[in-house]
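Undergrad: My structure is below; once you've seen it, I'll send some questions.
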Amino acid sequence: MTDSVEDTAGPAGAQSPDNEPAAAPEGGYPAARLRLLQDETATGPDRRAALARLTDDWLAGLLARHGTAAGLSGTALVAVGGYGRGELSPRSDLDLLLLHDGRADAGALAALADRLWYPVWDLGLALDHSVRTPAQARKAAREDLKVQLGLLDARHLAGDPDLTATVRTAAYADWRESAPKRLPELHDLCQERAERQGELQYLLEPDLKEARGGLRDATALRAVAASWLADAPRGGLEAARTRLLDVRDALHLTTGRATDRLSLQDQDQVAGALGMLDADALLRQTYESARTISYAADVTWREVGRVLRARSLKPTLRGLLHGRTAGKGERSPLAEGVVELDGEAVLARTARPERDPVLVLRAAAAAAQAGLPLATHSIRRCATANRPLPVPWPAEAREQLVTLLGAGTHTVPVWEALEAEGIIPRLLPDWERVRCRPQRNPVHTWTVDRHLVETAVRAAALTRRVHRPDLLLVAALLHDIGKGWPGDHSVAGETIARDVAARLGFDARDTTVIATLVRHHLLLIETATRRDLDDPATVGAVAEAVGSTRTLELLHALTEADALATGPAAWSAWRGGLVADLVKRVAARLAGEPDTELRGAGEPTAEQERLAIEARRTGGPVLALHTRAEAPTEADTGPEAPAPAQEPVGVELLIAVPDQPGVLPAAAGVLALHRLTVRAADLLLLDPIDEGPVLVLSWRVAAEYGSLPQADRLRADLLRALDGTLDIPARLAERERAYARRSRTVLAPPPRVTVATGSSDTATVIEVRAQDAHGLLHRIGRALEAAGVAVRSAHISTLGANAVDAFYVTGADGAPLADAAAHEVAAAVERALQ
């Protein structure tokens, strides 16, 4: 049923009044209709319009003939709903309203209605009909949202045009007046329908009309536009709706039924009728159309919510119609060049996407981490003005991509927005081959591209289990990328993943790990469920394929994330137990191999030694800032290219301080107060010329937003922190409260602190894996100080939004901690981070 005024089916075995036979309805309409539907040259919008015109003429003739015969005047026949829009598919129902001015005899009016409705039933067509005065139609619309929506598409067919014009004018006036109340009701209807029918863009047998992203949603967007409160993004929307209508036409013709469900058994025929290669091509185009409509609906309903919130603050009419409140919204910084405004992440006024190729990724990562939508106009500005990223990507771009992937469920809407505006294929050219690609395995819930994103979402919850969450997240995004190519998708995917990882700027070793994970992402689940785990050859084959305990750790997490993202039937406690048993056996086989990930104290550089000597001589902290710039790529140069600017991509901060309690938390706290994000860090304990130990901290930092602080200010605050006159915990707590009031953060997995047994002969290694946050390293340092251990060296890594830190600590005697004491320290640090 379309949005009509009543739903009244024809009586069983219906015949026209006066016993007119059902096999011989009025005039030559049936034959003309059949010829039109059999004409292969008439397709798409032209055929729908021609069918509507043909039906218009037939119904107008019925009203003229029987109305004149009955001596009735003051009536009008009106098409509403889909028929009112002139969109008649071969088996579409007819939505009709017989208007009258209230002066006609009730019996004569009923007889006229019968002579209009019965011929439609005689043809076997579904009919929604009603008989009303304009006042009654207006009253019904006020009481029933579906009636009101149907009248927005009212179209005059025959009779008194003034009656139709009266109803149309009143319908639009009432709709615009009641929109603040009716639009939330319409949104609720759309949401309820989506929950019942699912998302068209992922269903193997989608309902073209009722599923989310289908024809109903496209109609709802027309109603929103008619309210004048908000409008849908226009790009591709009408083309998407037209393609869905074309598919429905072909479905009606091939099945001979009035159905909107694209069943599996009908897809090949429908694809052939539309001249497509196969059913997969049909589904892919259908999914793309649904995705366009779904994205437009998301953007539109978000704008509706913003405008209605603004109305509650009584904005001026002019400001409302332009989507703005009377006052200016508060802007809260999220990242460099990105702010929060009216519940969205938008580009700052000073942002320059034409000079900052990483900006779009930084904005996306900031939006996802804050749980905010990324404003459409900001994405489009980046898409229009952004320079392409150099290849390989700079470190910041790679880190921002990892941060976006690690944001959990908030990643999905931001990723979809980037994809809808064409950003993702520009960043990852291989993505286009898997975009909207169907998976004809009923175990799979999603298309290939959405499955890849969902796997990254699932992997984000497992990042505390692995030492390299960045490799896990990227491998999750790429593990099925080979499904866009012929042959074994794991084999094809390995080659693609190797190319993509190198493009993203991973070094050779990390690239090999990512490629291995993609090549063998099915190895653990297939081996665990199909092979004898007691056979040494089974364990040996897996160990040989994986190669190292660290890769095994990553592959275990990827296997679980992949299965969880596939669907409820792909993972269970039983399967998980089998995989865990296999991993345990393979890890035991690999245990004899040296593990070089964790490092002890390294050799100091000449710069570090110089600063250590200076710190010992002066007795206070010594700082040095070194800005690194990205070299121009070949694409940036050429005879017509302007001289490329050397954009700073990172800052190395060296701090040397005579050894004393509290250096690590003090230095980390000062950096946090100055809004410096720590991307990597190393702490070394040096003993220059035997004059006493000096701590040398090497930081790779970046300004969270704004400019870098002066080294003199950092040194002054560090001195105050060390002598106790700067209360860092209180300052950080105050900032955290202010930040929490205006921002939402992603729900991250809980921190995990462990003892890396056997990693060092001279120290105990405490590993910390947690969500990167303001003052995180300061809290870790304070917890270690409170535990009474000495930090001999530390190695800090921020991989996207994940902090992966290793601290080499000793007791007061300079020796490694006993096992019990080490685990107590780890537990204390974990409690401090919760």
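Identifiers for the structure tokens are assigned positionally: chains receive A, B, ... in sequence, residues are indexed from 1 per chain, and ligands are indexed from 1 in the order shown.
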Residues at most 12 Å from Glu40 in chain A, counting only C-alpha atoms, excluding those fewer than 6 positions away in the same chain, as number ranges by chain?
TA: A: 34, 46-47, 250, 253, 273-275
Undergrad: Write the residues of the selection above to a file with N, CA, C and O atoms, as an mmCIF file, in the first residue's frame.
TA:
```
data_model
loop_
_atom_site.group_PDB
_atom_site.id
_atom_site.type_symbol
_atom_site.label_atom_id
_atom_site.label_comp_id
_atom_site.auth_asym_id
_atom_site.auth_seq_id
_atom_site.Cartn_x
_atom_site.Cartn_y
_atom_site.Cartn_z
ATOM 1 N N LEU A 34 -1.614 -3.689 -22.129
ATOM 2 C CA LEU A 34 -0.811 -4.875 -22.415
ATOM 3 C C LEU A 34 0.219 -4.590 -23.496
ATOM 4 O O LEU A 34 1.383 -5.016 -23.387
ATOM 5 N N ASP A 46 10.133 6.493 -18.849
ATOM 6 C CA ASP A 46 9.229 6.747 -19.975
ATOM 7 C C ASP A 46 8.041 5.797 -19.940
ATOM 8 O O ASP A 46 6.891 6.208 -20.177
ATOM 9 N N ARG A 47 8.286 4.515 -19.661
ATOM 10 C CA ARG A 47 7.180 3.560 -19.619
ATOM 11 C C ARG A 47 6.261 3.849 -18.433
ATOM 12 O O ARG A 47 5.032 3.764 -18.552
ATOM 13 N N ALA A 250 10.998 -4.385 -13.648
ATOM 14 C CA ALA A 250 11.452 -5.663 -14.209
ATOM 15 C C ALA A 250 10.988 -6.828 -13.346
ATOM 16 O O ALA A 250 10.643 -7.906 -13.866
ATOM 17 N N LEU A 253 7.333 -7.520 -14.164
ATOM 18 C CA LEU A 253 7.152 -8.123 -15.487
ATOM 19 C C LEU A 253 7.618 -9.573 -15.521
ATOM 20 O O LEU A 253 6.989 -10.418 -16.167
ATOM 21 N N ALA A 273 16.396 -9.034 -17.787
ATOM 22 C CA ALA A 273 15.424 -8.071 -18.304
ATOM 23 C C ALA A 273 15.990 -6.661 -18.335
ATOM 24 O O ALA A 273 15.593 -5.837 -19.178
ATOM 25 N N LEU A 274 16.917 -6.370 -17.429
ATOM 26 C CA LEU A 274 17.530 -5.035 -17.374
ATOM 27 C C LEU A 274 18.821 -4.961 -18.168
ATOM 28 O O LEU A 274 19.499 -3.925 -18.147
ATOM 29 N N GLY A 275 19.184 -6.050 -18.854
ATOM 30 C CA GLY A 275 20.392 -6.046 -19.672
ATOM 31 C C GLY A 275 21.680 -6.087 -18.872
ATOM 32 O O GLY A 275 22.724 -5.648 -19.359
#
```
Undergrad: Considering only C-alpha atoms, return as an mmCIF file with all heavy atoms, in the first residue's frame whatever protein or nucleic-acid residues lie within 7 Å of range 456-473 of chain A, sequence-local ones (same chain, fewer than 4 positions apart) excluded.
TA:
```
data_model
loop_
_atom_site.group_PDB
_atom_site.id
_atom_site.type_symbol
_atom_site.label_atom_id
_atom_site.label_comp_id
_atom_site.auth_asym_id
_atom_site.auth_seq_id
_atom_site.Cartn_x
_atom_site.Cartn_y
_atom_site.Cartn_z
ATOM 1 N N VAL A 402 44.404 4.649 11.377
ATOM 2 C CA VAL A 402 44.316 3.652 12.446
ATOM 3 C C VAL A 402 43.399 4.141 13.561
ATOM 4 O O VAL A 402 42.605 3.380 14.121
ATOM 5 C CB VAL A 402 45.723 3.320 12.982
ATOM 6 C CG1 VAL A 402 45.638 2.455 14.230
ATOM 7 C CG2 VAL A 402 46.551 2.622 11.905
ATOM 8 N N LEU A 405 39.839 3.637 12.408
ATOM 9 C CA LEU A 405 39.451 2.234 12.431
ATOM 10 C C LEU A 405 39.269 1.736 13.861
ATOM 11 O O LEU A 405 38.476 0.820 14.098
ATOM 12 C CB LEU A 405 40.502 1.379 11.720
ATOM 13 C CG LEU A 405 40.692 1.633 10.224
ATOM 14 C CD1 LEU A 405 41.816 0.769 9.688
ATOM 15 C CD2 LEU A 405 39.406 1.368 9.462
ATOM 16 N N GLY A 406 39.978 2.325 14.811
ATOM 17 C CA GLY A 406 39.926 1.856 16.181
ATOM 18 C C GLY A 406 38.835 2.476 17.023
ATOM 19 O O GLY A 406 38.789 2.236 18.234
ATOM 20 N N ALA A 407 37.944 3.246 16.429
ATOM 21 C CA ALA A 407 36.904 3.937 17.200
ATOM 22 C C ALA A 407 35.685 3.071 17.481
ATOM 23 O O ALA A 407 34.704 3.551 18.039
ATOM 24 C CB ALA A 407 36.474 5.213 16.476
ATOM 25 N N GLY A 408 35.709 1.815 17.069
ATOM 26 C CA GLY A 408 34.586 0.930 17.353
ATOM 27 C C GLY A 408 33.377 1.234 16.483
ATOM 28 O O GLY A 408 33.510 1.584 15.308
ATOM 29 N N THR A 409 32.191 1.127 17.047
ATOM 30 C CA THR A 409 30.969 1.280 16.256
ATOM 31 C C THR A 409 30.841 2.674 15.643
ATOM 32 O O THR A 409 30.158 2.838 14.620
ATOM 33 C CB THR A 409 29.730 0.998 17.121
ATOM 34 O OG1 THR A 409 29.757 1.844 18.280
ATOM 35 C CG2 THR A 409 29.704 -0.453 17.573
ATOM 36 N N LEU A 452 34.271 -5.697 5.841
ATOM 37 C CA LEU A 452 35.640 -5.283 6.168
ATOM 38 C C LEU A 452 35.628 -4.226 7.270
ATOM 39 O O LEU A 452 36.432 -4.287 8.213
ATOM 40 C CB LEU A 452 36.339 -4.750 4.917
ATOM 41 C CG LEU A 452 36.589 -5.784 3.816
ATOM 42 C CD1 LEU A 452 37.223 -5.123 2.601
ATOM 43 C CD2 LEU A 452 37.468 -6.921 4.312
ATOM 44 N N LEU A 477 40.799 -4.478 8.027
ATOM 45 C CA LEU A 477 40.201 -3.711 6.927
ATOM 46 C C LEU A 477 40.488 -4.343 5.571
ATOM 47 O O LEU A 477 39.704 -4.188 4.635
ATOM 48 C CB LEU A 477 40.728 -2.275 6.953
ATOM 49 C CG LEU A 477 40.118 -1.324 5.923
ATOM 50 C CD1 LEU A 477 38.666 -1.009 6.265
ATOM 51 C CD2 LEU A 477 40.927 -0.033 5.835
ATOM 52 N N ILE A 514 51.298 -7.737 7.701
ATOM 53 C CA ILE A 514 49.934 -7.483 7.225
ATOM 54 C C ILE A 514 49.588 -8.431 6.086
ATOM 55 O O ILE A 514 48.496 -9.022 6.046
ATOM 56 C CB ILE A 514 49.791 -6.012 6.793
ATOM 57 C CG1 ILE A 514 49.871 -5.090 8.010
ATOM 58 C CG2 ILE A 514 48.472 -5.793 6.052
ATOM 59 C CD1 ILE A 514 49.926 -3.620 7.671
ATOM 60 N N GLU A 553 49.648 -14.077 17.487
ATOM 61 C CA GLU A 553 48.794 -13.279 18.364
ATOM 62 C C GLU A 553 47.834 -12.418 17.549
ATOM 63 O O GLU A 553 46.631 -12.341 17.822
ATOM 64 C CB GLU A 553 49.674 -12.415 19.252
ATOM 65 C CG GLU A 553 48.955 -11.412 20.127
ATOM 66 C CD GLU A 553 49.945 -10.459 20.776
ATOM 67 O OE1 GLU A 553 50.409 -9.532 20.068
ATOM 68 O OE2 GLU A 553 50.252 -10.645 21.955
ATOM 69 N N LEU A 554 48.360 -11.765 16.520
ATOM 70 C CA LEU A 554 47.532 -10.923 15.654
ATOM 71 C C LEU A 554 46.526 -11.760 14.872
ATOM 72 O O LEU A 554 45.358 -11.372 14.724
ATOM 73 C CB LEU A 554 48.430 -10.135 14.699
ATOM 74 C CG LEU A 554 49.281 -9.031 15.323
ATOM 75 C CD1 LEU A 554 50.377 -8.596 14.360
ATOM 76 C CD2 LEU A 554 48.416 -7.837 15.690
ATOM 77 N N ALA A 557 43.495 -12.778 16.986
ATOM 78 C CA ALA A 557 42.524 -11.693 17.146
ATOM 79 C C ALA A 557 41.772 -11.430 15.842
ATOM 80 O O ALA A 557 40.554 -11.196 15.842
ATOM 81 C CB ALA A 557 43.226 -10.428 17.625
ATOM 82 N N LEU A 558 42.476 -11.473 14.708
ATOM 83 C CA LEU A 558 41.824 -11.243 13.414
ATOM 84 C C LEU A 558 40.801 -12.331 13.124
ATOM 85 O O LEU A 558 39.705 -12.049 12.615
ATOM 86 C CB LEU A 558 42.873 -11.193 12.304
ATOM 87 C CG LEU A 558 42.335 -11.064 10.874
ATOM 88 C CD1 LEU A 558 41.496 -9.806 10.707
ATOM 89 C CD2 LEU A 558 43.478 -11.068 9.866
ATOM 90 N N ALA A 561 37.719 -11.549 15.178
ATOM 91 C CA ALA A 561 37.024 -10.359 14.670
ATOM 92 C C ALA A 561 36.312 -10.660 13.358
ATOM 93 O O ALA A 561 35.162 -10.238 13.141
ATOM 94 C CB ALA A 561 38.021 -9.215 14.483
ATOM 95 N N LEU A 564 33.156 -12.821 14.111
ATOM 96 C CA LEU A 564 32.114 -12.036 14.762
ATOM 97 C C LEU A 564 31.456 -11.067 13.783
ATOM 98 O O LEU A 564 30.260 -10.772 13.893
ATOM 99 C CB LEU A 564 32.697 -11.270 15.949
ATOM 100 C CG LEU A 564 33.107 -12.121 17.156
ATOM 101 C CD1 LEU A 564 33.873 -11.263 18.163
ATOM 102 C CD2 LEU A 564 31.881 -12.747 17.814
ATOM 103 N N ALA A 565 32.234 -10.549 12.842
ATOM 104 C CA ALA A 565 31.697 -9.591 11.868
ATOM 105 C C ALA A 565 30.960 -10.282 10.726
ATOM 106 O O ALA A 565 30.268 -9.624 9.956
ATOM 107 C CB ALA A 565 32.830 -8.739 11.295
ATOM 108 N N PRO A 749 37.839 -0.416 24.817
ATOM 109 C CA PRO A 749 38.102 -1.565 25.685
ATOM 110 C C PRO A 749 38.855 -1.119 26.931
ATOM 111 O O PRO A 749 39.589 -0.127 26.907
ATOM 112 C CB PRO A 749 38.974 -2.473 24.799
ATOM 113 C CG PRO A 749 38.743 -2.011 23.397
ATOM 114 C CD PRO A 749 38.453 -0.547 23.492
ATOM 115 N N PRO A 751 41.673 -0.842 29.913
ATOM 116 C CA PRO A 751 43.134 -0.976 29.838
ATOM 117 C C PRO A 751 43.578 -2.357 30.304
ATOM 118 O O PRO A 751 42.887 -3.020 31.099
ATOM 119 C CB PRO A 751 43.633 0.121 30.779
ATOM 120 C CG PRO A 751 42.502 0.371 31.710
ATOM 121 C CD PRO A 751 41.257 0.139 30.922
ATOM 122 N N ARG A 752 44.729 -2.761 29.825
ATOM 123 C CA ARG A 752 45.280 -4.050 30.216
ATOM 124 C C ARG A 752 46.763 -3.870 30.516
ATOM 125 O O ARG A 752 47.514 -3.367 29.675
ATOM 126 C CB ARG A 752 45.095 -5.079 29.104
ATOM 127 C CG ARG A 752 45.557 -6.480 29.465
ATOM 128 C CD ARG A 752 45.371 -7.422 28.294
ATOM 129 N NE ARG A 752 45.788 -8.775 28.609
ATOM 130 C CZ ARG A 752 45.922 -9.741 27.703
ATOM 131 N NH1 ARG A 752 45.660 -9.492 26.431
ATOM 132 N NH2 ARG A 752 46.309 -10.952 28.062
ATOM 133 N N ARG A 769 48.614 -1.470 27.750
ATOM 134 C CA ARG A 769 47.841 -1.261 26.519
ATOM 135 C C ARG A 769 46.541 -0.585 26.932
ATOM 136 O O ARG A 769 45.763 -1.131 27.721
ATOM 137 C CB ARG A 769 47.555 -2.578 25.813
ATOM 138 C CG ARG A 769 48.813 -3.368 25.508
ATOM 139 C CD ARG A 769 48.503 -4.749 24.987
ATOM 140 N NE ARG A 769 49.636 -5.633 25.179
ATOM 141 C CZ ARG A 769 49.634 -6.923 24.891
ATOM 142 N NH1 ARG A 769 48.545 -7.473 24.388
ATOM 143 N NH2 ARG A 769 50.700 -7.670 25.115
ATOM 144 N N ALA A 770 46.307 0.596 26.391
ATOM 145 C CA ALA A 770 45.150 1.380 26.835
ATOM 146 C C ALA A 770 44.754 2.347 25.729
ATOM 147 O O ALA A 770 45.487 2.546 24.754
ATOM 148 C CB ALA A 770 45.483 2.152 28.115
ATOM 149 N N LEU A 799 49.590 4.040 18.650
ATOM 150 C CA LEU A 799 49.212 3.465 17.365
ATOM 151 C C LEU A 799 47.741 3.777 17.136
ATOM 152 O O LEU A 799 46.867 3.109 17.658
ATOM 153 C CB LEU A 799 49.463 1.955 17.372
ATOM 154 C CG LEU A 799 50.902 1.548 17.740
ATOM 155 C CD1 LEU A 799 50.998 0.053 17.939
ATOM 156 C CD2 LEU A 799 51.876 2.032 16.679
ATOM 157 N N GLY A 800 47.508 4.841 16.369
ATOM 158 C CA GLY A 800 46.142 5.317 16.236
ATOM 159 C C GLY A 800 45.677 5.865 17.568
ATOM 160 O O GLY A 800 46.290 6.763 18.135
ATOM 161 N N VAL A 804 50.503 1.661 23.400
ATOM 162 C CA VAL A 804 51.165 0.381 23.653
ATOM 163 C C VAL A 804 52.534 0.714 24.221
ATOM 164 O O VAL A 804 53.452 1.100 23.489
ATOM 165 C CB VAL A 804 51.283 -0.458 22.374
ATOM 166 C CG1 VAL A 804 51.923 -1.810 22.675
ATOM 167 C CG2 VAL A 804 49.916 -0.659 21.734
#
```
Undergrad: If you run DSSP on the backbone here, which positions in range 386-506 of chain A get helix (DSSP H, G or I)? Please write them as a PyMOL selection string.
TA: chain A and resi 395-405+408-420+423-427+429-433+448-460+463-465+469-478+481-484+489-504
Undergrad: Which residue, A:Val307, A:Leu94, A:Val358, A:Leu341, has the smallest gap to Val78 in chain A when you use only C-alpha atoms?
TA: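 Among the listed residues, A:Leu94 lies closest to Val78 in chain A.
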Undergrad: DSSP says strand (DSSP E) for which residues of range 750-815 of chain A? Put them as a count of residues only?
TA: 31
Undergrad: Give the answer as one residue: which of A:Ala218, A:Ala815, A:Leu88, A:Ala137 has the shortest atom-to-atom distance to Ala258 in chain A, using only C-alpha atoms?
TA: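 Nearest to Ala258 in chain A: A:Leu88.
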Undergrad: At what distance in Å, to one decimal, does CA of Asp449 in chain A lie from CA of Ser294 in chain A?
TA: 15.9 Å
Undergrad: Determine, counting only C-alpha atoms, which protein, DNA and RNA residues have an atom within 7 Å of an atom of Val825 in chain A; residues of the same chain fewer than 4 positions away are not included. Present the result as a PyMOL selection string.
TA: chain A and resi 787+821+829
Undergrad: Fewer than 4 positions away in the same chain doesn't count, so skip those; otherwise give me all residues within 12 Å of Gly150 in chain A, counting only C-alpha atoms, as a compact mmCIF listing (two decimals) with N, CA, C and O atoms, in the first residue's frame.
TA:
```
# COMPACT_ATOMS: atom_id res chain seq x y z
N MET A 1 0.85 -1.20 0.00
CA MET A 1 0.00 0.00 0.00
C MET A 1 0.88 1.24 0.00
O MET A 1 1.80 1.36 0.78
N THR A 2 0.59 2.14 -0.88
CA THR A 2 1.29 3.42 -0.85
C THR A 2 0.61 4.32 0.16
O THR A 2 -0.38 3.97 0.78
N ASP A 3 1.15 5.54 0.33
CA ASP A 3 0.60 6.45 1.34
C ASP A 3 -0.74 6.98 0.85
O ASP A 3 -0.83 8.01 0.19
N SER A 4 -1.80 6.27 1.16
CA SER A 4 -3.10 6.61 0.59
C SER A 4 -4.08 6.96 1.70
O SER A 4 -3.80 6.83 2.88
N VAL A 5 -5.27 7.35 1.28
CA VAL A 5 -6.26 7.79 2.24
C VAL A 5 -7.02 6.62 2.86
O VAL A 5 -7.50 6.70 3.97
N GLU A 6 -7.18 5.51 2.15
CA GLU A 6 -7.82 4.33 2.70
C GLU A 6 -7.24 3.11 2.03
O GLU A 6 -6.70 3.19 0.92
N VAL A 78 -8.90 12.21 -8.15
CA VAL A 78 -7.54 12.62 -7.81
C VAL A 78 -6.66 11.39 -7.58
O VAL A 78 -7.08 10.45 -6.88
N ALA A 79 -5.49 11.38 -8.19
CA ALA A 79 -4.49 10.34 -7.93
C ALA A 79 -3.61 10.80 -6.77
O ALA A 79 -3.19 11.96 -6.72
N VAL A 80 -3.35 9.92 -5.85
CA VAL A 80 -2.49 10.25 -4.72
C VAL A 80 -1.40 9.18 -4.60
O VAL A 80 -1.41 8.16 -5.30
N GLY A 81 -0.44 9.40 -3.67
CA GLY A 81 0.64 8.44 -3.47
C GLY A 81 1.50 8.27 -4.70
O GLY A 81 1.77 9.22 -5.44
N GLY A 82 1.92 7.03 -4.96
CA GLY A 82 2.80 6.77 -6.10
C GLY A 82 2.14 7.08 -7.42
O GLY A 82 2.79 7.60 -8.34
N TYR A 83 0.86 6.76 -7.55
CA TYR A 83 0.15 7.09 -8.78
C TYR A 83 0.10 8.61 -8.94
O TYR A 83 0.21 9.13 -10.06
N GLY A 84 -0.06 9.32 -7.85
CA GLY A 84 -0.05 10.77 -7.94
C GLY A 84 1.27 11.30 -8.46
O GLY A 84 1.31 12.34 -9.15
N ARG A 85 2.36 10.61 -8.17
CA ARG A 85 3.67 11.03 -8.69
C ARG A 85 3.87 10.59 -10.13
O ARG A 85 4.93 10.88 -10.72
N LEU A 94 -3.46 1.25 -7.50
CA LEU A 94 -3.92 2.61 -7.82
C LEU A 94 -4.47 3.25 -6.55
O LEU A 94 -5.31 2.66 -5.86
N ASP A 95 -3.98 4.44 -6.23
CA ASP A 95 -4.45 5.21 -5.08
C ASP A 95 -5.33 6.34 -5.60
O ASP A 95 -4.83 7.26 -6.25
N LEU A 96 -6.64 6.26 -5.31
CA LEU A 96 -7.59 7.21 -5.88
C LEU A 96 -8.45 7.84 -4.80
O LEU A 96 -8.86 7.19 -3.84
N LEU A 97 -8.73 9.12 -4.98
CA LEU A 97 -9.61 9.88 -4.09
C LEU A 97 -10.70 10.53 -4.96
O LEU A 97 -10.39 11.26 -5.90
N ASP A 128 -6.60 1.37 -3.69
CA ASP A 128 -6.85 2.08 -2.44
C ASP A 128 -7.73 3.28 -2.79
O ASP A 128 -7.36 4.08 -3.67
N HIS A 129 -8.86 3.41 -2.13
CA HIS A 129 -9.82 4.42 -2.59
C HIS A 129 -10.52 5.06 -1.40
O HIS A 129 -10.60 4.49 -0.30
N ALA A 137 -11.26 15.36 3.65
CA ALA A 137 -9.90 14.94 3.30
C ALA A 137 -8.87 15.64 4.18
O ALA A 137 -7.89 15.04 4.65
N ARG A 138 -9.11 16.91 4.43
CA ARG A 138 -8.18 17.67 5.27
C ARG A 138 -8.20 17.15 6.70
O ARG A 138 -7.16 17.01 7.34
N ALA A 140 -9.02 14.10 7.68
CA ALA A 140 -8.39 12.78 7.70
C ALA A 140 -6.87 12.90 7.68
O ALA A 140 -6.16 12.14 8.35
N ALA A 141 -6.37 13.85 6.93
CA ALA A 141 -4.92 14.05 6.85
C ALA A 141 -4.35 14.50 8.19
O ALA A 141 -3.26 14.10 8.59
N ARG A 142 -5.10 15.36 8.89
CA ARG A 142 -4.62 15.82 10.18
C ARG A 142 -4.57 14.68 11.20
O ARG A 142 -3.77 14.70 12.12
N ASP A 144 -4.24 11.32 10.37
CA ASP A 144 -3.48 10.15 9.92
C ASP A 144 -2.30 10.63 9.07
O ASP A 144 -2.48 11.22 8.01
N LEU A 145 -1.09 10.36 9.55
CA LEU A 145 0.11 10.81 8.84
C LEU A 145 0.19 10.23 7.44
O LEU A 145 0.58 10.94 6.49
N LYS A 146 -0.17 8.97 7.27
CA LYS A 146 -0.09 8.36 5.94
C LYS A 146 -1.03 9.04 4.95
O LYS A 146 -0.70 9.19 3.77
N ALA A 154 -0.88 14.59 -4.41
CA ALA A 154 -2.17 14.61 -5.10
C ALA A 154 -2.03 15.21 -6.50
O ALA A 154 -1.38 16.25 -6.68
N ARG A 155 -2.69 14.55 -7.49
CA ARG A 155 -2.62 15.01 -8.89
C ARG A 155 -4.02 14.89 -9.50
O ARG A 155 -4.68 13.86 -9.39
N VAL A 167 -7.69 20.97 -2.18
CA VAL A 167 -7.12 19.93 -1.33
C VAL A 167 -5.59 20.02 -1.32
O VAL A 167 -4.94 19.90 -0.28
N ARG A 168 -4.99 20.21 -2.48
CA ARG A 168 -3.52 20.29 -2.56
C ARG A 168 -2.99 21.48 -1.75
O ARG A 168 -2.02 21.36 -1.00
N ALA A 171 -3.34 20.77 1.87
CA ALA A 171 -2.42 19.70 2.30
C ALA A 171 -1.02 20.26 2.54
O ALA A 171 -0.37 19.94 3.56
N TYR A 172 -0.54 21.09 1.64
CA TYR A 172 0.81 21.64 1.81
C TYR A 172 0.86 22.64 2.95
O TYR A 172 1.83 22.69 3.71
N TRP A 175 0.76 20.68 6.15
CA TRP A 175 2.00 19.93 6.35
C TRP A 175 3.11 20.84 6.86
O TRP A 175 3.83 20.49 7.80
N ARG A 216 10.29 3.73 0.01
CA ARG A 216 9.58 4.46 1.05
C ARG A 216 10.43 5.59 1.62
O ARG A 216 9.95 6.69 1.86
N THR A 219 10.53 8.49 -0.69
CA THR A 219 9.30 9.28 -0.59
C THR A 219 9.29 10.14 0.67
O THR A 219 8.86 11.30 0.65
N ALA A 220 9.79 9.58 1.76
CA ALA A 220 9.86 10.35 3.01
C ALA A 220 10.74 11.58 2.85
O ALA A 220 10.45 12.66 3.38
N ARG A 222 11.14 13.29 0.15
CA ARG A 222 10.35 14.29 -0.59
C ARG A 222 9.44 15.04 0.37
O ARG A 222 9.25 16.26 0.24
N ALA A 223 8.87 14.32 1.33
CA ALA A 223 7.99 14.97 2.30
C ALA A 223 8.76 15.94 3.19
O ALA A 223 8.28 17.03 3.51
```
Undergrad: Which polymer residues have any atom within 8 Å of an atom of range 428-431 of chain A, counting only C-alpha atoms, with same-chain residues fewer than 3 positions away left out, as an mmCIF file with N, CA and C atoms, in the first residue's frame?
TA:
```cif
data_model
loop_
_atom_site.group_PDB
_atom_site.id
_atom_site.type_symbol
_atom_site.label_atom_id
_atom_site.label_comp_id
_atom_site.auth_asym_id
_atom_site.auth_seq_id
_atom_site.Cartn_x
_atom_site.Cartn_y
_atom_site.Cartn_z
ATOM 1 N N ILE A 424 36.851 7.518 0.126
ATOM 2 C CA ILE A 424 37.513 6.240 0.378
ATOM 3 C C ILE A 424 38.200 5.692 -0.873
ATOM 4 N N PRO A 425 37.543 5.646 -2.038
ATOM 5 C CA PRO A 425 38.256 5.132 -3.216
ATOM 6 C C PRO A 425 39.478 5.967 -3.591
ATOM 7 N N VAL A 434 35.485 -3.892 -4.168
ATOM 8 C CA VAL A 434 34.655 -4.588 -3.174
ATOM 9 C C VAL A 434 33.460 -3.757 -2.742
ATOM 10 N N ARG A 435 33.370 -2.548 -3.204
ATOM 11 C CA ARG A 435 32.274 -1.669 -2.783
ATOM 12 C C ARG A 435 30.933 -2.245 -3.229
ATOM 13 N N ASP A 449 32.416 -4.888 1.429
ATOM 14 C CA ASP A 449 33.023 -3.673 1.973
ATOM 15 C C ASP A 449 32.560 -3.405 3.396
ATOM 16 N N ILE A 481 39.932 -8.119 0.944
ATOM 17 C CA ILE A 481 40.040 -7.188 -0.183
ATOM 18 C C ILE A 481 40.204 -7.932 -1.507
ATOM 19 N N ILE A 496 47.424 -7.579 -2.833
ATOM 20 C CA ILE A 496 46.833 -6.253 -2.685
ATOM 21 C C ILE A 496 47.220 -5.645 -1.341
ATOM 22 N N VAL A 500 48.955 -2.101 -0.548
ATOM 23 C CA VAL A 500 48.267 -1.076 0.242
ATOM 24 C C VAL A 500 49.090 -0.706 1.470
#
```
